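Structure first, then comments.
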Amino acid sequence: MSISPDDFRFIAKAIQLAKKGQYTTHPNPRVGCVIVKNGKIIGEGYHQKAGQPHAEINALLQLQSANKLAKGAVAYVTLEPCSHTGKTPPCADALIDAGISRVVIAMQDPNPQVAGQGIQRLRDAGITVEVGVLEEQARALNIGFIKRMEQGLPWVRIKLAMSLDGRTAMASGESQWITGSAARQDVQRLRAKADAILTGSGTVLEDDPSLNVRITSEELDLDKGMKYQQPLRVILDSSLKISSKAKILKLAGDTLIYTCSDNNDKSQALEQAEAKIISLDSVKVGGCANGTKKLPLSVVLQDLAKQQINEVHVEAGATLCGALLQEKLVDEIIIYMAPTIMGADARGLFNLPELSKMKDKIDFKIQDIRAVGDDWRLQIIPL
């Protein structure tokens with residue numbers, strides 16, 4: 001592989017462009033493209049929204065509008081150009097037709113419909129192709145998309161707010177507000193990045209939350225005219241306990257409820273409130289079908305992946321968070337820690353079986369720690 005310092009520089013620029021679509025492209029991956037000729041950028045673009053032109057096409061269109069020719073130029077792309085016709089034509093063909101002579105790609109597409117075929121098509125056309133420049137950074141752009149393609153599961157991120165003594169709510173359940181306004185605004189960005197926001201029936205019954213995105217396009221630094229969509233709201237309610245009058249059902253966006261219940265009256269009332277009900281009572285995987293009336297979490301996540309959900313943002317109580325952690329279904333935890341003490345009777349982060357010995361402890365790796373207003377934000381991943 002013949003890579004120069006400029007190749008790293010231009011791929012880094014393409015990655016920055018891809019980030020501009022982090023709130024708008026799902027379920028598609030976030031992709032950026034830069035076209036360079038004689039050492040200068042002559043066209044750039046990013047994928048803005050599913051069904052609209054991909055990054056390579058937007059870069060070529062910008063080039064055309066400036067009456068510049070791509071012949072003999074180099075294209076830098078964060079993800080392998082597609083080779084199949086979906087909602088848009090193949091990007092590999094567009095680069096070939098434009099006369100691009102070299103393509104530098106950060107990473108191969110994990111989508112089985114592409115998976116090296118775009119690279120091969122470019123090479124068959126006589127184009128020099130380099131793959132693997134800043135691949136780790138490119139993978140970080142699309143952690144959910146990559147996991148869904150490779151494992152058939154979405155990326156699961158738990159968000160928690162806690163005091164210095166690790167408490168998330170008072171014994172009464174009161175929890176508003178542990179953290180300050182800056183941390184709560186940061187959570188809005190996390191929600192906006194996600195395809196789905198997941199919670200349990202206990203949280204809905206106790207807090208009557210909205211679990212929607214309440215932030216402006218300007219605050220997300222979206223390009224003019226770009227708008228984000230409300231993530232799918234997902235409620236785990238094994239017995240259909242929540243009310244059809246819950247706030248979460250009255251807001252813009254869709255709500256999906258997973259249940260073990262076969263109570264038609266409750267189902268109909270919730271469906272009249274425009275919720276979609278999915279019963280897993282017939283699923284024979286350690287859950288509803290064995291008489292426990294406990295939702296099989298792995299099956300729920302597999303079903304969400306089939307619905308093209310890349311990233312699941314979890315805001316739930318200690319029981320559901322603990323169950324996800326215990327079943328090794330958590331990829332990342334974001335904790336906002338406030339400079340306050342809530343006392344021994346307040347509620348903890350996770351309900352887990354008793355861990356009596358040090359060998360039983362659950363270890364994490366700290367990815368990032370930073371101040372957010374008066375609070376601290378910890379990003380950790382299970383080891």
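Note on naming: chains are A, B, ... as they come in the structure tokens, residues start from 1 per chain, ligands start from 1 in the order shown.
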For Phe10 (chain A), list every protein, DNA or RNA residue within 8 Å, evaluated using only C-alpha atoms, and leave out those in the same chain fewer than 4 positions away; present the list as a list in words.
Asp6, Ala14, Val34 and Tyr76 of chain A
Where does DSSP see strand (DSSP E) in region 7-171 of chain A, if you list the residues as a ChimeraX atom specification?
/A:32-37,40-46,74-77,102-105,128-131,155-162
Find the residues near region 234-237 of chain A: any atom within 7 Å, counting only C-alpha atoms, skip ones fewer than 5 places away on the same chain, and give them as number ranges by chain.
A: 196-201, 255-259
Prev. selection, C-alpha atoms, output as a short mmCIF file (atom, residue, chain, number, x, y, z; two decimals), in the first residue's frame:
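Result written to out_28.cif:
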```
data_model
loop_
_atom_site.label_atom_id
_atom_site.label_comp_id
_atom_site.auth_asym_id
_atom_site.auth_seq_id
_atom_site.Cartn_x
_atom_site.Cartn_y
_atom_site.Cartn_z
CA ALA A 196 -34.15 4.13 18.91
CA ILE A 197 -34.59 5.11 22.56
CA LEU A 198 -35.36 2.13 24.80
CA THR A 199 -36.91 2.05 28.25
CA GLY A 200 -38.95 -0.21 30.51
CA SER A 201 -42.53 -0.03 31.65
CA THR A 255 -43.59 4.10 19.67
CA LEU A 256 -43.03 0.34 19.67
CA ILE A 257 -44.01 -1.85 22.63
CA TYR A 258 -42.62 -5.35 23.14
CA THR A 259 -44.74 -7.56 25.37
#
```
For a test of reading the model, state the distance in Å between CA of Gly99 (chain A) and CA of Ile42 (chain A), rounded to one decimal.
14.1 Å
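Considering only C-alpha atoms, the residue among A:Ala305, A:Ile178, A:Ala273, A:Ala59 positioned nearest to Met162 (chain A) is A:Ile178.
Summary of the local environment: counting only C-alpha atoms, residues at most 12 Å from Ala246 (chain A), other than itself and those fewer than 6 positions away along its chain, are A:Ser201, A:Thr203, A:Val204, A:Leu205, A:Glu206, A:Asp207, A:Asp208, A:Pro209, A:Ser210, A:Leu211, A:Ile235, A:Thr255, A:Ala269, A:Leu270, A:Ala273, A:Glu274, A:Ala275.
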Take the residues from that selection and write them out as a PDB file, in the first residue's frame, keeping N, CA and C atoms.
```
ATOM      1  N   SER A 201     -41.217  -0.488  31.214  1.00  0.00           N
ATOM      2  CA  SER A 201     -42.534  -0.027  31.649  1.00  0.00           C
ATOM      3  C   SER A 201     -42.463   0.654  33.010  1.00  0.00           C
ATOM      4  N   THR A 203     -40.171   2.664  34.193  1.00  0.00           N
ATOM      5  CA  THR A 203     -39.801   4.070  34.007  1.00  0.00           C
ATOM      6  C   THR A 203     -40.979   4.879  33.491  1.00  0.00           C
ATOM      7  N   VAL A 204     -41.749   4.300  32.565  1.00  0.00           N
ATOM      8  CA  VAL A 204     -42.914   5.003  32.015  1.00  0.00           C
ATOM      9  C   VAL A 204     -43.962   5.218  33.098  1.00  0.00           C
ATOM     10  N   LEU A 205     -44.204   4.197  33.923  1.00  0.00           N
ATOM     11  CA  LEU A 205     -45.213   4.306  34.981  1.00  0.00           C
ATOM     12  C   LEU A 205     -44.792   5.298  36.067  1.00  0.00           C
ATOM     13  N   GLU A 206     -43.496   5.297  36.394  1.00  0.00           N
ATOM     14  CA  GLU A 206     -43.013   6.113  37.508  1.00  0.00           C
ATOM     15  C   GLU A 206     -42.769   7.567  37.124  1.00  0.00           C
ATOM     16  N   ASP A 207     -42.178   7.769  35.936  1.00  0.00           N
ATOM     17  CA  ASP A 207     -41.745   9.122  35.550  1.00  0.00           C
ATOM     18  C   ASP A 207     -42.616   9.772  34.479  1.00  0.00           C
ATOM     19  N   ASP A 208     -43.381   8.969  33.739  1.00  0.00           N
ATOM     20  CA  ASP A 208     -44.148   9.463  32.583  1.00  0.00           C
ATOM     21  C   ASP A 208     -43.259  10.330  31.678  1.00  0.00           C
ATOM     22  N   PRO A 209     -42.134   9.768  31.196  1.00  0.00           N
ATOM     23  CA  PRO A 209     -41.159  10.568  30.434  1.00  0.00           C
ATOM     24  C   PRO A 209     -41.604  10.808  28.994  1.00  0.00           C
ATOM     25  N   SER A 210     -40.947  11.754  28.354  1.00  0.00           N
ATOM     26  CA  SER A 210     -41.178  12.015  26.926  1.00  0.00           C
ATOM     27  C   SER A 210     -40.259  11.164  26.062  1.00  0.00           C
ATOM     28  N   LEU A 211     -38.995  11.066  26.448  1.00  0.00           N
ATOM     29  CA  LEU A 211     -37.979  10.301  25.718  1.00  0.00           C
ATOM     30  C   LEU A 211     -37.942  10.662  24.232  1.00  0.00           C
ATOM     31  N   ILE A 235     -40.544   0.528  24.178  1.00  0.00           N
ATOM     32  CA  ILE A 235     -40.884   0.238  25.570  1.00  0.00           C
ATOM     33  C   ILE A 235     -40.957  -1.274  25.763  1.00  0.00           C
ATOM     34  N   THR A 255     -43.854   4.842  18.440  1.00  0.00           N
ATOM     35  CA  THR A 255     -43.587   4.096  19.667  1.00  0.00           C
ATOM     36  C   THR A 255     -43.874   2.623  19.433  1.00  0.00           C
ATOM     37  N   ALA A 269     -56.235  -0.794  23.123  1.00  0.00           N
ATOM     38  CA  ALA A 269     -56.209   0.559  23.690  1.00  0.00           C
ATOM     39  C   ALA A 269     -54.902   1.253  23.355  1.00  0.00           C
ATOM     40  N   LEU A 270     -53.795   0.525  23.448  1.00  0.00           N
ATOM     41  CA  LEU A 270     -52.490   1.111  23.130  1.00  0.00           C
ATOM     42  C   LEU A 270     -52.339   1.347  21.638  1.00  0.00           C
ATOM     43  N   ALA A 273     -53.900   4.405  20.602  1.00  0.00           N
ATOM     44  CA  ALA A 273     -53.038   5.551  20.945  1.00  0.00           C
ATOM     45  C   ALA A 273     -51.839   5.618  20.007  1.00  0.00           C
ATOM     46  N   GLU A 274     -51.880   4.814  18.931  1.00  0.00           N
ATOM     47  CA  GLU A 274     -50.896   4.799  17.837  1.00  0.00           C
ATOM     48  C   GLU A 274     -49.570   4.150  18.217  1.00  0.00           C
ATOM     49  N   ALA A 275     -49.594   3.273  19.217  1.00  0.00           N
ATOM     50  CA  ALA A 275     -48.421   2.462  19.504  1.00  0.00           C
ATOM     51  C   ALA A 275     -48.494   1.189  18.669  1.00  0.00           C
TER      52      ALA A 275
END
```
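Of the listed residues (A:Leu352, A:Ala252, A:Leu295, A:Leu190), A:Leu295 comes nearest to Ser238 (chain A); the distances count only C-alpha atoms.
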As JSON, numbers by chain, please: all residues of region 184-334 of chain A that backbone DSSP puts in alpha helix (DSSP H).
{"A": [184, 185, 186, 187, 188, 189, 190, 191, 192, 193, 201, 202, 203, 204, 205, 206, 207, 264, 265, 266, 267, 268, 269, 270, 271, 272, 297, 298, 299, 300, 301, 302, 303, 304, 305, 306, 318, 319, 320, 321, 322, 323, 324, 325, 326]}
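In this model, the gap between CA of Glu219 (chain A) and CA of Arg191 (chain A) comes to 13.5 Å.
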Let me make sure I understand: among A:Ser298, A:Thr319, A:Gln230, A:Gln16, which one has the smallest atom-to-atom distance to Gly202 (chain A) if we use only C-alpha atoms?
A:Thr319
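Here CA of Ala169 (chain A) is placed at a distance of 9.0 Å from CA of Leu349 (chain A).
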Might you pull out every residue within 10 Å of Met226 (chain A), with only C-alpha atoms counted and same-chain residues fewer than 5 positions away left off, and present them as an MDAnalysis selection string?
chainID A and resid 21 23:24 48:49 217:218 221
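Across A:Pro81, A:Gly225, A:Gly45, A:Gly144, the tightest approach to Asp331 (chain A) is made by A:Gly144 when counting only C-alpha atoms.
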Write out as a PyMOL selection string the residues lying within 10 Å of region 25-29 of chain A, counting only C-alpha atoms and excluding same-chain residues fewer than 3 positions away.
chain A and resi 18+20-22+32+46-52+54+79+109+141-146+193-195+228-229+231+307-311
